[in-house]
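Each remark here refers to the structure printed beneath this line.
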Amino acid sequence: TVQRLLSDAGISWGTYPDAMGTHCNAHVNNMVVLPSSSIDSPSLDAPFLAPVDFDMAFTKDSFLFEGVASYAHFPQTWPELLAFEHEGFFGTLAGSDFASTGVANNLSEEMQADPRRIALRDTVAAGFRSGLEQPLDDPHALSGPASRQEQLRAGCDSLVRLALVLTVNDIA
């Protein structure tokens, strides 16, 4: 996952205390869908999404923890900060608006309780957690002949396009 790549490289997407509480740039509104025409080969290894909004990102070596020591609820070590950031992204996937991310989640109670929406959020959140925690050489990763990979990729691309069409009027 993007979050794992950043963490492994010693980079925070941008999690820090601000006037609204704790700001966390690791959220779903900071991902864009890549058009299928942007990939060279139709494999499942090619990304569907790309991260944006790195203006507040920082490295492990550049963050000044002494500057946030007065914030009792803010992480005080790098591993704690990354764990908070991971949970921030996970939370937005699951529908939470705990951290100040810009994701409002303004859904009617009826839509919030829709079991299909809940199942989809649970599936996406579980996929995020798996991508964050599983070995990079995950033996459960999809594999097979190139033709099968192309078919799966085409189906996934169709689902992504359908999701975009169905949510065109949604405001996060």
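We label chains A, B, ... in the order they appear in the structure tokens, count residues from 1 in each chain, and number ligands from 1 in the order shown.
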Can you list, as a list in words, every protein, DNA or RNA residue that comes within 8 Å of range 62-67 of chain A when you count only C-alpha atoms, leaving out same-chain residues fewer than 4 positions away?
Phe58, Gln76 and Thr77 of chain A
How would the residues just chosen look if you wrote them out with all heavy atoms as a compact mmCIF listing (two decimals), in the first residue's frame?
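After the write, selection.txt holds the following:
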# COMPACT_ATOMS: atom_id res chain seq x y z
N PHE A 58 6.72 14.80 5.84
CA PHE A 58 8.03 15.00 6.45
C PHE A 58 8.69 13.66 6.72
O PHE A 58 8.03 12.62 6.70
CB PHE A 58 7.92 15.82 7.75
CG PHE A 58 6.90 15.28 8.73
CD1 PHE A 58 7.24 14.29 9.63
CD2 PHE A 58 5.61 15.78 8.73
CE1 PHE A 58 6.30 13.80 10.53
CE2 PHE A 58 4.66 15.31 9.63
CZ PHE A 58 5.01 14.31 10.53
N GLN A 76 4.33 10.65 20.63
CA GLN A 76 5.60 11.23 21.05
C GLN A 76 6.82 10.51 20.48
O GLN A 76 7.95 10.90 20.75
CB GLN A 76 5.68 11.25 22.59
CG GLN A 76 4.59 12.09 23.24
CD GLN A 76 4.67 13.56 22.84
OE1 GLN A 76 5.73 14.18 22.91
NE2 GLN A 76 3.55 14.12 22.40
N THR A 77 6.59 9.44 19.70
CA THR A 77 7.71 8.74 19.05
C THR A 77 7.33 8.48 17.59
O THR A 77 6.15 8.53 17.22
CB THR A 77 7.99 7.38 19.73
OG1 THR A 77 6.87 6.51 19.51
CG2 THR A 77 8.26 7.54 21.23
Could you give me, as an MDAnalysis selection string, the residues within 10 Å of Asp53 in chain A, counting only C-alpha atoms and dropping anything in the same chain fewer than 5 positions from it?
chainID A and resid 13:14 25:26 29:31
Would you put the residues from that selection into a file with C-alpha atoms, as a compact mmCIF listing (two decimals), in the first residue's frame?
# COMPACT_ATOMS: atom_id res chain seq x y z
CA TRP A 13 2.28 11.80 4.83
CA GLY A 14 1.67 14.68 7.24
CA ASN A 25 -3.02 13.79 5.49
CA ALA A 26 -3.31 10.00 5.20
CA ASN A 29 -9.43 12.18 -0.33
CA ASN A 30 -5.69 12.24 -0.97
CA MET A 31 -5.87 9.39 -3.48
Arg121 in chain A surroundings by only C-alpha atoms, 7 Å radius, close-in-sequence under 3 positions cut, as an mmCIF file with N, CA and C atoms, in the first residue's frame:
data_model
loop_
_atom_site.group_PDB
_atom_site.id
_atom_site.type_symbol
_atom_site.label_atom_id
_atom_site.label_comp_id
_atom_site.auth_asym_id
_atom_site.auth_seq_id
_atom_site.Cartn_x
_atom_site.Cartn_y
_atom_site.Cartn_z
ATOM 1 N N LEU A 93 -11.176 4.951 5.621
ATOM 2 C CA LEU A 93 -11.705 3.862 4.795
ATOM 3 C C LEU A 93 -12.929 3.230 5.459
ATOM 4 N N ALA A 94 -12.904 3.164 6.776
ATOM 5 C CA ALA A 94 -14.009 2.544 7.518
ATOM 6 C C ALA A 94 -15.140 3.524 7.812
ATOM 7 N N ARG A 117 -22.998 -0.843 1.937
ATOM 8 C CA ARG A 117 -21.955 0.160 2.184
ATOM 9 C C ARG A 117 -21.020 -0.325 3.295
ATOM 10 N N ILE A 118 -21.604 -0.881 4.338
ATOM 11 C CA ILE A 118 -20.809 -1.387 5.467
ATOM 12 C C ILE A 118 -19.904 -2.527 4.998
ATOM 13 N N VAL A 124 -12.735 -3.032 2.024
ATOM 14 C CA VAL A 124 -11.649 -2.114 1.660
ATOM 15 C C VAL A 124 -10.713 -1.901 2.847
ATOM 16 N N ALA A 125 -11.272 -1.720 4.036
ATOM 17 C CA ALA A 125 -10.449 -1.515 5.230
ATOM 18 C C ALA A 125 -9.606 -2.754 5.530
#
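Minimum atom-to-atom distances from A:Asn169, A:Ser37, A:Phe89, A:Pro17 to Ala72 in chain A were compared using only C-alpha atoms, and the lowest value belongs to A:Pro17.
Using only C-alpha atoms for every distance, the candidate list A:Leu81, A:Ile39, A:Leu159, A:His86 yields A:Leu81 as the residue closest to Val68 in chain A.
Note that the spacing between CA of Gln149 in chain A and CA of Leu120 in chain A amounts to 22.9 Å.
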